[in-house]
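structure_4.pdb (PDB, C-alpha atoms) appears below.
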MODEL        1
ATOM      1  CA  MET A 175     -57.214  27.296 -29.509
ATOM      2  CA  GLU A 176     -55.451  24.570 -27.480
ATOM      3  CA  ALA A 177     -51.661  24.037 -27.832
ATOM      4  CA  ALA A 178     -50.577  20.743 -29.263
ATOM      5  CA  ALA A 179     -49.304  18.261 -26.672
ATOM      6  CA  ALA A 180     -45.487  17.941 -26.515
ATOM      7  CA  THR A 181     -44.141  14.814 -28.090
ATOM      8  CA  PRO A 182     -42.392  12.670 -25.454
ATOM      9  CA  PRO A 183     -38.707  11.972 -26.176
ATOM     10  CA  ALA A 184     -38.049   8.698 -27.876
ATOM     11  CA  LYS A 185     -36.979   5.933 -25.511
ATOM     12  CA  PRO A 186     -33.385   4.880 -26.242
ATOM     13  CA  SER A 187     -33.014   1.433 -27.683
ATOM     14  CA  ARG A 188     -31.674  -1.443 -25.633
ATOM     15  CA  ALA A 189     -28.550  -1.433 -27.819
ATOM     16  CA  ALA A 190     -27.940   2.263 -27.080
ATOM     17  CA  VAL A 191     -28.337   1.691 -23.333
ATOM     18  CA  TRP A 192     -25.844  -1.179 -23.381
ATOM     19  CA  ARG A 193     -23.441   0.876 -25.478
ATOM     20  CA  ARG A 194     -23.491   3.713 -22.929
ATOM     21  CA  GLU A 195     -22.952   1.259 -20.067
ATOM     22  CA  ILE A 196     -20.007  -0.385 -21.799
ATOM     23  CA  ILE A 197     -18.416   2.978 -22.622
ATOM     24  CA  GLY A 198     -18.841   4.056 -18.992
ATOM     25  CA  ILE A 199     -17.178   0.873 -17.738
ATOM     26  CA  LEU A 200     -14.307   1.287 -20.204
ATOM     27  CA  TRP A 201     -13.707   4.858 -19.020
ATOM     28  CA  LEU A 202     -13.712   3.630 -15.414
ATOM     29  CA  ILE A 203     -11.178   0.903 -16.248
ATOM     30  CA  LEU A 204      -8.948   3.420 -18.044
ATOM     31  CA  ALA A 205      -9.145   5.772 -15.057
ATOM     32  CA  VAL A 206      -8.133   2.983 -12.651
ATOM     33  CA  LEU A 207      -5.273   1.825 -14.896
ATOM     34  CA  GLY A 208      -4.105   5.415 -15.299
ATOM     35  CA  PHE A 209      -4.108   5.894 -11.532
ATOM     36  CA  HIS A 210      -2.185   2.633 -11.047
ATOM     37  CA  SER A 211       0.296   3.576 -13.772
ATOM     38  CA  PHE A 212       1.118   7.143 -12.773
ATOM     39  CA  ILE A 213      -0.023   7.786  -9.187
ATOM     40  CA  ALA A 214      -0.160   4.727  -6.915
ATOM     41  CA  LYS A 215      -1.036   1.052  -6.815
ATOM     42  CA  PRO A 216      -1.587  -1.652  -4.167
ATOM     43  CA  PHE A 217       1.100  -4.234  -3.514
ATOM     44  CA  TYR A 218       0.967  -7.573  -1.683
ATOM     45  CA  ILE A 219       3.923  -9.007   0.266
ATOM     46  CA  PRO A 220       4.392 -12.629  -0.870
ATOM     47  CA  SER A 221       7.665 -13.583   0.882
ATOM     48  CA  GLU A 222       9.721 -13.125   4.048
ATOM     49  CA  SER A 223      12.589 -11.187   2.427
ATOM     50  CA  MET A 224      11.698  -7.887   4.144
ATOM     51  CA  LEU A 225      11.160  -9.167   7.672
ATOM     52  CA  PRO A 226      10.777  -7.826  10.295
ATOM     53  CA  GLY A 227       9.246  -4.638   8.860
ATOM     54  CA  LEU A 228       7.065  -6.393   6.288
ATOM     55  CA  LEU A 229       5.216  -9.638   6.955
ATOM     56  CA  VAL A 230       3.775 -12.017   4.390
ATOM     57  CA  GLY A 231       0.194 -10.891   3.874
ATOM     58  CA  ASP A 232       0.825  -7.163   4.312
ATOM     59  CA  GLN A 233      -1.003  -4.983   1.782
ATOM     60  CA  LEU A 234       0.797  -1.752   0.847
ATOM     61  CA  VAL A 235       0.383   1.427  -1.121
ATOM     62  CA  VAL A 236       3.216   2.044  -3.611
ATOM     63  CA  THR A 237       3.466   5.498  -5.196
ATOM     64  CA  LYS A 238       4.650   5.696  -8.805
ATOM     65  CA  TYR A 239       5.704   9.352  -9.120
ATOM     66  CA  PRO A 240       8.526   9.909  -6.546
ATOM     67  CA  TYR A 241      11.270   8.830  -9.001
ATOM     68  CA  GLY A 242       9.483   9.744 -12.219
ATOM     69  CA  TRP A 243       8.151   7.232 -14.737
ATOM     70  CA  SER A 244       9.869   4.623 -16.895
ATOM     71  CA  PHE A 245       8.871   1.847 -19.275
ATOM     72  CA  ILE A 246       8.073  -0.308 -16.223
ATOM     73  CA  SER A 247       5.494   2.143 -14.802
ATOM     74  CA  PRO A 248       2.339   1.485 -16.903
ATOM     75  CA  THR A 249      -0.163  -1.063 -15.619
ATOM     76  CA  ILE A 250      -1.417  -2.986 -18.656
ATOM     77  CA  PRO A 251      -3.544  -6.079 -17.893
ATOM     78  CA  ASN A 252      -2.953  -9.285 -19.820
ATOM     79  CA  PRO A 253      -6.363 -11.009 -20.261
ATOM     80  CA  VAL A 254      -4.738 -14.257 -21.423
ATOM     81  CA  ALA A 255      -2.559 -14.504 -18.303
ATOM     82  CA  ILE A 256      -5.520 -13.671 -16.058
ATOM     83  CA  TRP A 257      -7.667 -16.342 -17.763
ATOM     84  CA  LYS A 258      -4.964 -18.993 -17.425
ATOM     85  CA  ASP A 259      -4.314 -18.176 -13.766
ATOM     86  CA  VAL A 260      -7.906 -17.754 -12.535
ATOM     87  CA  VAL A 261      -9.872 -20.125 -14.765
ATOM     88  CA  LEU A 262      -7.362 -22.745 -15.892
ATOM     89  CA  ARG A 263      -5.395 -22.728 -12.611
ATOM     90  CA  GLN A 264      -2.109 -22.340 -14.475
ATOM     91  CA  PRO A 265       0.080 -20.014 -12.342
ATOM     92  CA  GLN A 266       1.430 -17.034 -14.290
ATOM     93  CA  GLU A 267       4.407 -14.834 -13.443
ATOM     94  CA  SER A 268       2.328 -11.695 -13.895
ATOM     95  CA  TRP A 269      -1.162 -10.548 -14.851
ATOM     96  CA  GLY A 270       0.319  -7.611 -16.733
ATOM     97  CA  VAL A 271       2.013  -6.849 -20.036
ATOM     98  CA  GLN A 272       5.501  -5.351 -19.820
ATOM     99  CA  LEU A 273       6.554  -2.750 -22.360
ATOM    100  CA  PRO A 274       9.895  -3.070 -24.206
ATOM    101  CA  PHE A 275      12.879  -1.532 -22.409
ATOM    102  CA  VAL A 276      13.301   2.219 -22.938
ATOM    103  CA  ARG A 277      16.341   3.978 -21.442
ATOM    104  CA  GLY A 278      15.752   6.838 -19.031
ATOM    105  CA  ARG A 279      12.913   8.132 -16.866
ATOM    106  CA  LEU A 280      10.462  10.975 -17.354
ATOM    107  CA  PHE A 281      11.051  13.536 -14.575
ATOM    108  CA  GLY A 282      13.496  11.034 -13.059
ATOM    109  CA  ARG A 283      14.915  11.427  -9.561
ATOM    110  CA  VAL A 284      17.379   9.121  -7.782
ATOM    111  CA  PRO A 285      15.895   7.310  -4.751
ATOM    112  CA  GLU A 286      17.071   8.282  -1.301
ATOM    113  CA  ARG A 287      19.265   5.819   0.532
ATOM    114  CA  GLY A 288      17.020   3.693   2.762
ATOM    115  CA  ASP A 289      13.865   3.946   0.612
ATOM    116  CA  VAL A 290      11.805   0.759   0.246
ATOM    117  CA  VAL A 291      11.065   0.290  -3.451
ATOM    118  CA  ILE A 292       9.461  -2.180  -5.824
ATOM    119  CA  VAL A 293      11.742  -3.399  -8.593
ATOM    120  CA  THR A 294      11.381  -5.682 -11.610
ATOM    121  CA  PRO A 295      14.455  -7.880 -12.189
ATOM    122  CA  PRO A 296      15.832  -7.453 -15.733
ATOM    123  CA  GLY A 297      14.384 -10.143 -17.982
ATOM    124  CA  ARG A 298      11.481 -10.875 -15.614
ATOM    125  CA  ASN A 299       7.880  -9.681 -15.392
ATOM    126  CA  THR A 300       7.303  -9.720 -11.659
ATOM    127  CA  ASP A 301       7.858  -7.244  -8.828
ATOM    128  CA  TYR A 302      10.256  -7.596  -5.892
ATOM    129  CA  ILE A 303      10.364  -5.273  -2.887
ATOM    130  CA  LYS A 304      13.764  -4.267  -1.480
ATOM    131  CA  ARG A 305      15.598  -1.434   0.275
ATOM    132  CA  VAL A 306      17.948   1.020  -1.466
ATOM    133  CA  ILE A 307      21.410   0.605   0.091
ATOM    134  CA  GLY A 308      23.804   1.927  -2.550
ATOM    135  CA  LEU A 309      23.576   4.879  -4.942
ATOM    136  CA  PRO A 310      25.454   5.673  -8.175
ATOM    137  CA  GLY A 311      29.209   5.916  -7.539
ATOM    138  CA  ASP A 312      29.108   4.052  -4.206
ATOM    139  CA  ARG A 313      31.436   1.138  -3.543
ATOM    140  CA  ILE A 314      29.415  -1.639  -1.884
ATOM    141  CA  GLU A 315      30.832  -4.665  -0.081
ATOM    142  CA  VAL A 316      29.528  -7.197   2.461
ATOM    143  CA  ARG A 317      31.924  -8.834   4.950
ATOM    144  CA  ASP A 318      30.621 -11.444   7.379
ATOM    145  CA  GLY A 319      27.148  -9.939   7.190
ATOM    146  CA  VAL A 320      28.292  -6.332   7.653
ATOM    147  CA  VAL A 321      27.598  -3.889   4.803
ATOM    148  CA  LEU A 322      30.376  -1.480   3.865
ATOM    149  CA  ILE A 323      29.605   1.663   1.869
ATOM    150  CA  ASN A 324      32.672   3.373   0.427
ATOM    151  CA  ASN A 325      34.902   1.247   2.704
ATOM    152  CA  VAL A 326      33.037   2.318   5.867
ATOM    153  CA  ALA A 327      30.979  -0.245   7.794
ATOM    154  CA  VAL A 328      27.323   0.637   8.234
ATOM    155  CA  LYS A 329      26.558   1.363  11.897
ATOM    156  CA  ARG A 330      24.923  -1.566  13.676
ATOM    157  CA  GLY A 331      23.141  -1.666  17.019
ATOM    158  CA  PRO A 332      23.135  -4.519  19.558
ATOM    159  CA  LEU A 333      21.533  -7.887  18.846
ATOM    160  CA  HIS A 334      17.960  -8.107  20.145
ATOM    161  CA  TYR A 335      14.864 -10.192  19.450
ATOM    162  CA  VAL A 336      11.227  -9.905  18.373
ATOM    163  CA  ASP A 337       8.556 -12.632  18.446
ATOM    164  CA  VAL A 338       6.359 -13.037  15.371
ATOM    165  CA  PRO A 339       3.259 -15.222  15.935
ATOM    166  CA  ASP A 340       2.332 -15.626  12.251
ATOM    167  CA  TYR A 341       5.664 -15.922  10.479
ATOM    168  CA  GLY A 342       5.289 -16.502   6.774
ATOM    169  CA  GLY A 343       1.721 -15.237   6.673
ATOM    170  CA  MET A 344       0.180 -18.345   8.208
ATOM    171  CA  PRO A 345      -0.336 -19.832  11.666
ATOM    172  CA  LEU A 346       2.070 -22.424  13.002
ATOM    173  CA  PRO A 347      -0.063 -25.609  13.007
ATOM    174  CA  ASN A 348       2.642 -27.890  14.360
ATOM    175  CA  PRO A 349       5.251 -26.570  16.822
ATOM    176  CA  GLN A 350       7.586 -29.419  15.802
ATOM    177  CA  ASP A 351       7.454 -28.461  12.120
ATOM    178  CA  GLY A 352       9.743 -25.580  11.186
ATOM    179  CA  THR A 353       8.367 -24.977   7.695
ATOM    180  CA  THR A 354       6.731 -21.712   8.753
ATOM    181  CA  CYS A 355       9.744 -20.542  10.761
ATOM    182  CA  ASP A 356      13.087 -21.251   9.133
ATOM    183  CA  ILE A 357      15.098 -19.545  11.887
ATOM    184  CA  PRO A 358      17.360 -22.205  13.474
ATOM    185  CA  GLY A 359      15.935 -22.813  16.942
ATOM    186  CA  GLY A 360      13.438 -20.002  16.392
ATOM    187  CA  ILE A 361      10.182 -21.812  17.225
ATOM    188  CA  ILE A 362       9.377 -21.218  20.895
ATOM    189  CA  LYS A 363       6.370 -20.983  23.218
ATOM    190  CA  VAL A 364       5.488 -17.630  24.781
ATOM    191  CA  GLY A 365       2.466 -17.518  27.082
ATOM    192  CA  GLY A 366       1.104 -20.678  25.518
ATOM    193  CA  GLN A 367       1.422 -19.280  21.980
ATOM    194  CA  THR A 368       3.820 -20.660  19.380
ATOM    195  CA  VAL A 369       5.949 -17.889  17.882
ATOM    196  CA  CYS A 370       9.020 -17.449  15.716
ATOM    197  CA  ARG A 371      11.780 -15.525  17.529
ATOM    198  CA  LEU A 372      13.760 -13.347  15.118
ATOM    199  CA  PRO A 373      17.265 -12.074  15.940
ATOM    200  CA  LEU A 374      17.462  -8.411  14.925
ATOM    201  CA  VAL A 375      20.120  -5.751  14.448
ATOM    202  CA  ARG A 376      19.277  -2.097  13.746
ATOM    203  CA  GLU A 377      21.250  -0.737  10.815
ATOM    204  CA  SER A 378      21.939   3.007  10.304
ATOM    205  CA  LEU A 379      22.903   4.319   6.881
ATOM    206  CA  PRO A 380      25.260   7.276   6.272
ATOM    207  CA  ASN A 381      22.288   9.651   5.826
ATOM    208  CA  GLY A 382      20.994   8.783   9.306
ATOM    209  CA  ARG A 383      18.075   6.593   8.233
ATOM    210  CA  SER A 384      17.744   3.370  10.226
ATOM    211  CA  TYR A 385      15.686   0.179  10.184
ATOM    212  CA  GLU A 386      15.699  -3.328  11.654
ATOM    213  CA  THR A 387      17.328  -6.270   9.851
ATOM    214  CA  VAL A 388      17.148  -9.991  10.587
ATOM    215  CA  ASP A 389      20.653 -11.177  11.463
ATOM    216  CA  LEU A 390      21.309 -14.911  11.054
ATOM    217  CA  SER A 391      25.047 -14.547  10.493
ATOM    218  CA  GLY A 392      25.865 -16.484  13.662
ATOM    219  CA  THR A 393      23.611 -19.467  12.908
ATOM    220  CA  GLY A 394      25.289 -20.960   9.827
ATOM    221  CA  PHE A 395      26.914 -20.227   6.465
ATOM    222  CA  TYR A 396      25.096 -17.933   4.053
ATOM    223  CA  ALA A 397      26.625 -16.986   0.716
ATOM    224  CA  GLY A 398      25.165 -13.485   0.865
ATOM    225  CA  ASP A 399      27.067 -12.669   4.064
ATOM    226  CA  ASN A 400      30.118 -12.006   1.916
ATOM    227  CA  PHE A 401      29.896 -10.035  -1.315
ATOM    228  CA  ALA A 402      32.926  -8.802  -3.232
ATOM    229  CA  PRO A 403      33.276  -5.024  -3.667
ATOM    230  CA  VAL A 404      31.388  -3.494  -6.576
ATOM    231  CA  THR A 405      31.182   0.119  -7.703
ATOM    232  CA  ILE A 406      27.654   1.137  -8.670
ATOM    233  CA  PRO A 407      27.472   2.505 -12.234
ATOM    234  CA  PRO A 408      25.665   5.753 -13.106
ATOM    235  CA  ASP A 409      21.857   5.473 -13.067
ATOM    236  CA  HIS A 410      21.958   2.244 -11.038
ATOM    237  CA  VAL A 411      21.098   1.386  -7.416
ATOM    238  CA  PHE A 412      22.096  -1.484  -5.107
ATOM    239  CA  LEU A 413      19.161  -3.150  -3.348
ATOM    240  CA  MET A 414      18.994  -5.527  -0.380
ATOM    241  CA  GLY A 415      16.245  -7.181   1.633
ATOM    242  CA  ASP A 416      16.078  -6.571   5.386
ATOM    243  CA  ASN A 417      15.946 -10.332   6.024
ATOM    244  CA  ARG A 418      19.511 -10.548   4.754
ATOM    245  CA  GLU A 419      20.030 -14.308   4.644
ATOM    246  CA  ARG A 420      16.598 -14.893   3.104
ATOM    247  CA  SER A 421      16.612 -12.284   0.344
ATOM    248  CA  ALA A 422      17.300 -12.673  -3.382
ATOM    249  CA  ASP A 423      18.580  -9.165  -4.068
ATOM    250  CA  SER A 424      21.532  -7.389  -5.713
ATOM    251  CA  ARG A 425      23.922  -9.890  -4.115
ATOM    252  CA  VAL A 426      22.319 -12.807  -5.971
ATOM    253  CA  PRO A 427      22.761 -13.579  -9.711
ATOM    254  CA  LEU A 428      19.776 -13.305 -12.026
ATOM    255  CA  ASP A 429      19.866 -17.021 -12.850
ATOM    256  CA  GLN A 430      19.439 -17.762  -9.143
ATOM    257  CA  GLY A 431      16.366 -15.566  -8.801
ATOM    258  CA  GLY A 432      18.152 -12.424  -7.628
ATOM    259  CA  LEU A 433      18.685  -8.972  -9.107
ATOM    260  CA  GLY A 434      22.115  -9.679 -10.576
ATOM    261  CA  GLY A 435      24.045  -6.785  -9.016
ATOM    262  CA  PRO A 436      23.265  -3.064  -9.224
ATOM    263  CA  VAL A 437      19.896  -2.508 -10.905
ATOM    264  CA  PRO A 438      19.348   0.010 -13.729
ATOM    265  CA  PHE A 439      17.272   2.956 -12.569
ATOM    266  CA  GLU A 440      14.575   2.209 -15.164
ATOM    267  CA  TYR A 441      13.541  -1.025 -13.393
ATOM    268  CA  ILE A 442      12.444   0.774 -10.208
ATOM    269  CA  GLY A 443       8.645   0.787 -10.206
ATOM    270  CA  GLY A 444       7.857   3.004  -7.228
ATOM    271  CA  ARG A 445       8.268   3.696  -3.508
ATOM    272  CA  ALA A 446       6.466   1.825  -0.713
ATOM    273  CA  GLU A 447       4.589   4.273   1.514
ATOM    274  CA  PHE A 448       2.429   2.580   4.159
ATOM    275  CA  ILE A 449       0.533  -0.588   5.068
ATOM    276  CA  THR A 450      -3.216  -0.520   4.435
ATOM    277  CA  PHE A 451      -4.068  -3.835   6.144
ATOM    278  CA  SER A 452      -2.524  -7.235   6.809
ATOM    279  CA  LYS A 453      -3.765 -10.834   6.609
ATOM    280  CA  ASN A 454      -2.279 -13.469   8.901
ATOM    281  CA  GLY A 455      -3.244 -16.554   6.902
ATOM    282  CA  HIS A 456      -6.154 -17.716   9.091
ATOM    283  CA  ALA A 457      -8.879 -16.552   6.700
ATOM    284  CA  THR A 458     -10.549 -18.843   4.161
ATOM    285  CA  TRP A 459     -13.270 -18.300   1.557
ATOM    286  CA  ASN A 460     -15.769 -18.349   4.440
ATOM    287  CA  PRO A 461     -16.644 -14.669   5.204
ATOM    288  CA  LEU A 462     -16.967 -15.559   8.897
ATOM    289  CA  THR A 463     -13.185 -16.108   9.023
ATOM    290  CA  TRP A 464     -12.219 -12.802   7.397
ATOM    291  CA  TRP A 465     -12.179 -10.746  10.597
ATOM    292  CA  SER A 466     -10.036 -13.263  12.483
ATOM    293  CA  GLY A 467      -7.683 -13.358   9.474
ATOM    294  CA  LEU A 468      -6.675  -9.708   9.920
ATOM    295  CA  ARG A 469      -3.570  -8.693  11.856
ATOM    296  CA  GLY A 470      -4.342  -5.895  14.245
ATOM    297  CA  GLY A 471      -2.221  -2.805  14.622
ATOM    298  CA  ARG A 472      -0.553  -2.768  11.197
ATOM    299  CA  ALA A 473      -2.897  -0.537   9.203
ATOM    300  CA  GLY A 474      -1.348   2.850   8.566
ATOM    301  CA  THR A 475       2.212   1.771   9.462
ATOM    302  CA  SER A 476       4.683   3.963   7.576
ATOM    303  CA  LEU A 477       7.367   2.223   5.517
ATOM    304  CA  HIS A 478       9.733   5.198   5.570
ATOM    305  CA  PRO A 479      12.791   4.401   7.687
ATOM    306  CA  THR A 480      13.433   6.217  10.944
ATOM    307  CA  ARG A 481      15.629   9.268  10.508
ATOM    308  CA  GLY A 482      18.303   9.815  13.156
ATOM    309  CA  GLN A 483      18.812  13.001  15.074
TER     310      GLN A 483
ENDMDL
END
Could you write out this structure as structure tokens?
Amino acid sequence: MEAAAATPPAKPSRAAVWRREIIGILWLILAVLGFHSFIAKPFYIPSESMLPGLLVGDQLVVTKYPYGWSFISPTIPNPVAIWKDVVLRQPQESWGVQLPFVRGRLFGRVPERGDVVIVTPPGRNTDYIKRVIGLPGDRIEVRDGVVLINNVAVKRGPLHYVDVPDYGGMPLPNPQDGTTCDIPGGIIKVGGQTVCRLPLVRESLPNGRSYETVDLSGTGFYAGDNFAPVTIPPDHVFLMGDNRERSADSRVPLDQGGLGGPVPFEYIGGRAEFITFSKNGHATWNPLTWWSGLRGGRAGTSLHPTRGQ
């Protein structure tokens, strides 16, 4: 007697197939958002405030866990803001939703002096990138462009120069137009190429970590070159940009686009680790221009400051 033929499994309905696909995509989105919220996320440099180490167009990796997590850590997309920015061409401050302020950090740890961090100014919903200069209990002052920590001037090396061909993330189309190089007298020709010459001074913090800063203190008056002494409260840090005269940081009031003094620990979003790639501003929507729009030699550059002997 012959065995009855096996009944083939029923083919899933179109609705069931779509449901599985949608669920799979949602899980993928949640996994990406979770990674961005608790492990690491990409970051784009939009301004010149961290020259010379960071150029406009640099793409970074920022880790979320080194200082623990706070209310600012989660990455929550805002579909309305994305729609307005991308479709309606109405620029938005952020594509994300910010949670209400919650005091403290989970597994919190104070940053090390010299760390490059991302920070959200209180009352804003956008990220800045700055360097940690002062820690809780420090007395910070700036006199004629020189930073003093606990009444001791930060060590400074000799003035020297570096030439940046794509200052501001874009080429210099007109050598007579200084809009892409706001250094007084900084636009020069080197080997037939127009560059922006930056005056630099290497700064060394008390813990031995050092980095280059742009020093324009001898080229005019800048309000940030003098900052009255302030003692950093507990659970706060004092942040500054390396391009000192072009940085809205802890020296600048909130209503002027700065950080408004020492920043509460909770507003630190993570630590900058390394550059993944960099765009120089030449590229357009044409794929043929993408290769020429990349800056060579920047991928993999560490953003941890040099540690002295």
> Selected by the PyMOL selection byres ((chain A and resi 323-330) around 9) in the shown coordinates: which residues, as a VMD selection string?
Replying inline: chain A and resid 307 to 308 312 to 316 320 to 322 331 to 333 375 to 380 405
Please, what is the axis-aligned box for every listed atom of segment 260-275 of chain A with 8 Å on each side, as centre and edge lengths in Å to one decimal, as AutoDock Vina command-line options?
--center_x 1.5 --center_y -12.1 --center_z -18.3 --size_x 38.8 --size_y 37.2 --size_z 27.9
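For the pair atom CA of Gly444 of chain A and atom CA of Pro310 of chain A, the separation is 17.8 Å.
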>> For this structure, which residues satisfy the selection - the PyMOL selection byres ((chain A and resi 290-295) around 10) - when it is evaluated on the file as given? I want them as a PyMOL selection string.
In response: chain A and resi 217+224+236-238+246+285-289+296-307+413-416+423-424+428+431-434+437-447+477-479
Write a file of the selected residues as a compact mmCIF listing (two decimals), keeping the file's coordinate frame, keeping C-alpha atoms.
# COMPACT_ATOMS: atom_id res chain seq x y z
CA PHE A 217 1.10 -4.23 -3.51
CA MET A 224 11.70 -7.89 4.14
CA VAL A 236 3.22 2.04 -3.61
CA THR A 237 3.47 5.50 -5.20
CA LYS A 238 4.65 5.70 -8.80
CA ILE A 246 8.07 -0.31 -16.22
CA PRO A 285 15.90 7.31 -4.75
CA GLU A 286 17.07 8.28 -1.30
CA ARG A 287 19.26 5.82 0.53
CA GLY A 288 17.02 3.69 2.76
CA ASP A 289 13.86 3.95 0.61
CA PRO A 296 15.83 -7.45 -15.73
CA GLY A 297 14.38 -10.14 -17.98
CA ARG A 298 11.48 -10.88 -15.61
CA ASN A 299 7.88 -9.68 -15.39
CA THR A 300 7.30 -9.72 -11.66
CA ASP A 301 7.86 -7.24 -8.83
CA TYR A 302 10.26 -7.60 -5.89
CA ILE A 303 10.36 -5.27 -2.89
CA LYS A 304 13.76 -4.27 -1.48
CA ARG A 305 15.60 -1.43 0.28
CA VAL A 306 17.95 1.02 -1.47
CA ILE A 307 21.41 0.60 0.09
CA LEU A 413 19.16 -3.15 -3.35
CA MET A 414 18.99 -5.53 -0.38
CA GLY A 415 16.24 -7.18 1.63
CA ASP A 416 16.08 -6.57 5.39
CA ASP A 423 18.58 -9.16 -4.07
CA SER A 424 21.53 -7.39 -5.71
CA LEU A 428 19.78 -13.30 -12.03
CA GLY A 431 16.37 -15.57 -8.80
CA GLY A 432 18.15 -12.42 -7.63
CA LEU A 433 18.68 -8.97 -9.11
CA GLY A 434 22.12 -9.68 -10.58
CA VAL A 437 19.90 -2.51 -10.90
CA PRO A 438 19.35 0.01 -13.73
CA PHE A 439 17.27 2.96 -12.57
CA GLU A 440 14.58 2.21 -15.16
CA TYR A 441 13.54 -1.02 -13.39
CA ILE A 442 12.44 0.77 -10.21
CA GLY A 443 8.64 0.79 -10.21
CA GLY A 444 7.86 3.00 -7.23
CA ARG A 445 8.27 3.70 -3.51
CA ALA A 446 6.47 1.82 -0.71
CA GLU A 447 4.59 4.27 1.51
CA LEU A 477 7.37 2.22 5.52
CA HIS A 478 9.73 5.20 5.57
CA PRO A 479 12.79 4.40 7.69
> Between A:Glu222, A:Ser391, A:Val284, A:Thr475, which has the minimum distance to Phe412 of chain A (counting only C-alpha atoms)?
Replying inline: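 Closest to Phe412 of chain A, using only C-alpha atoms: A:Val284.
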>> For a quick check of understanding, using all atoms listed in the file, which of A:Leu462, A:Asp337, A:Asn454, A:Arg194 has the smallest distance to Val364 of chain A?
In response: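 Residue with the minimum atom-to-atom distance to Val364 of chain A: A:Asp337.
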> When you draw a straight line from atom CA of Arg472 of chain A to atom CA of Gly231 of chain A, how long is it in Å?
Replying inline: 11.0 Å
>> Need to verify the contact set: segment 334-336 of chain A, 9 Å, all atoms listed in the file, exclusion of same-chain residues closer than 4 positions in sequence. Can you return it as a PyMOL selection string?
In response: chain A and resi 226+370-376
> Of the candidates A:Ala214, A:Asp340, A:Glu419, A:Thr463, which one gets nearest to Thr368 of chain A if we count all atoms listed in the file?
Replying inline: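 For Thr368 of chain A, the nearest of the candidates is A:Asp340.
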>> Rounded to one decimal, what separation in Å do you get between atom CA of Leu234 of chain A and atom CA of Leu207 of chain A?
In response: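 The value is 17.2 Å.
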> Which of these, A:Ala422, A:Val388, A:Leu202, A:Val261, has the shortest distance to Leu225 of chain A once you count only C-alpha atoms?
Replying inline: A:Val388
>> When you look at Gln264 of chain A with a cut-off of 12 Å (counting all atoms listed in the file), what residues show up, excluding the ones that are within fewer than 6 positions of it in the same chain? I need them as a PyMOL selection string.
In response: chain A and resi 254-258
Just C-alpha atoms for this one: save the residues we selected as a PDB file, keeping the file's coordinate frame.
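Output file part_27.pdb follows:
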ATOM      1  CA  VAL A 254      -4.738 -14.257 -21.423  1.00  0.00           C
ATOM      2  CA  ALA A 255      -2.559 -14.504 -18.303  1.00  0.00           C
ATOM      3  CA  ILE A 256      -5.520 -13.671 -16.058  1.00  0.00           C
ATOM      4  CA  TRP A 257      -7.667 -16.342 -17.763  1.00  0.00           C
ATOM      5  CA  LYS A 258      -4.964 -18.993 -17.425  1.00  0.00           C
TER       6      LYS A 258
END
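Residue selection for this entry, given the PyMOL selection byres ((chain A and resi 470) around 12), comprises Asp232, Asp340, Ile449, Thr450, Phe451, Ser452, Lys453, Asn454, Trp465, Ser466, Gly467, Leu468, Arg469, Gly471, Arg472, Ala473, Gly474 and Thr475 of chain A.
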Dump of C-alpha atoms for the selected residues, as a short mmCIF file (atom, residue, chain, number, x, y, z; two decimals), in the frame of the given file:
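Result file follows (part_21.cif):
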data_model
loop_
_atom_site.label_atom_id
_atom_site.label_comp_id
_atom_site.auth_asym_id
_atom_site.auth_seq_id
_atom_site.Cartn_x
_atom_site.Cartn_y
_atom_site.Cartn_z
CA ASP A 232 0.82 -7.16 4.31
CA ASP A 340 2.33 -15.63 12.25
CA ILE A 449 0.53 -0.59 5.07
CA THR A 450 -3.22 -0.52 4.43
CA PHE A 451 -4.07 -3.84 6.14
CA SER A 452 -2.52 -7.24 6.81
CA LYS A 453 -3.76 -10.83 6.61
CA ASN A 454 -2.28 -13.47 8.90
CA TRP A 465 -12.18 -10.75 10.60
CA SER A 466 -10.04 -13.26 12.48
CA GLY A 467 -7.68 -13.36 9.47
CA LEU A 468 -6.68 -9.71 9.92
CA ARG A 469 -3.57 -8.69 11.86
CA GLY A 471 -2.22 -2.80 14.62
CA ARG A 472 -0.55 -2.77 11.20
CA ALA A 473 -2.90 -0.54 9.20
CA GLY A 474 -1.35 2.85 8.57
CA THR A 475 2.21 1.77 9.46
#
> When distances are computed from only C-alpha atoms, which of A:Leu390, A:Val338, A:Leu200, A:Leu229 shows the smallest separation from Ile357 of chain A?
Replying inline: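 With only C-alpha atoms as the atom set, the closest residue is A:Leu390.
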> So which one's closest to Ser247 of chain A, A:Val260, A:Ser223, A:Ser211, A:Gln266? Using only C-alpha atoms, please.
Replying inline: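 Answer, going by the shortest atom-to-atom distance: A:Ser211.
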Which polymer residues have any atom within 7 Å of an atom of Asn400 of chain A, counting only C-alpha atoms, with same-chain residues fewer than 3 positions away left out, as a tab-separated table (two decimals) with C-alpha atoms, keeping the file's coordinate frame?
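Done, and the output landed in part13.tsv:
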chain	number	residue	atom	x	y	z
A	316	VAL	CA	29.53	-7.20	2.46
A	317	ARG	CA	31.92	-8.83	4.95
A	318	ASP	CA	30.62	-11.44	7.38
A	319	GLY	CA	27.15	-9.94	7.19
A	397	ALA	CA	26.62	-16.99	0.72
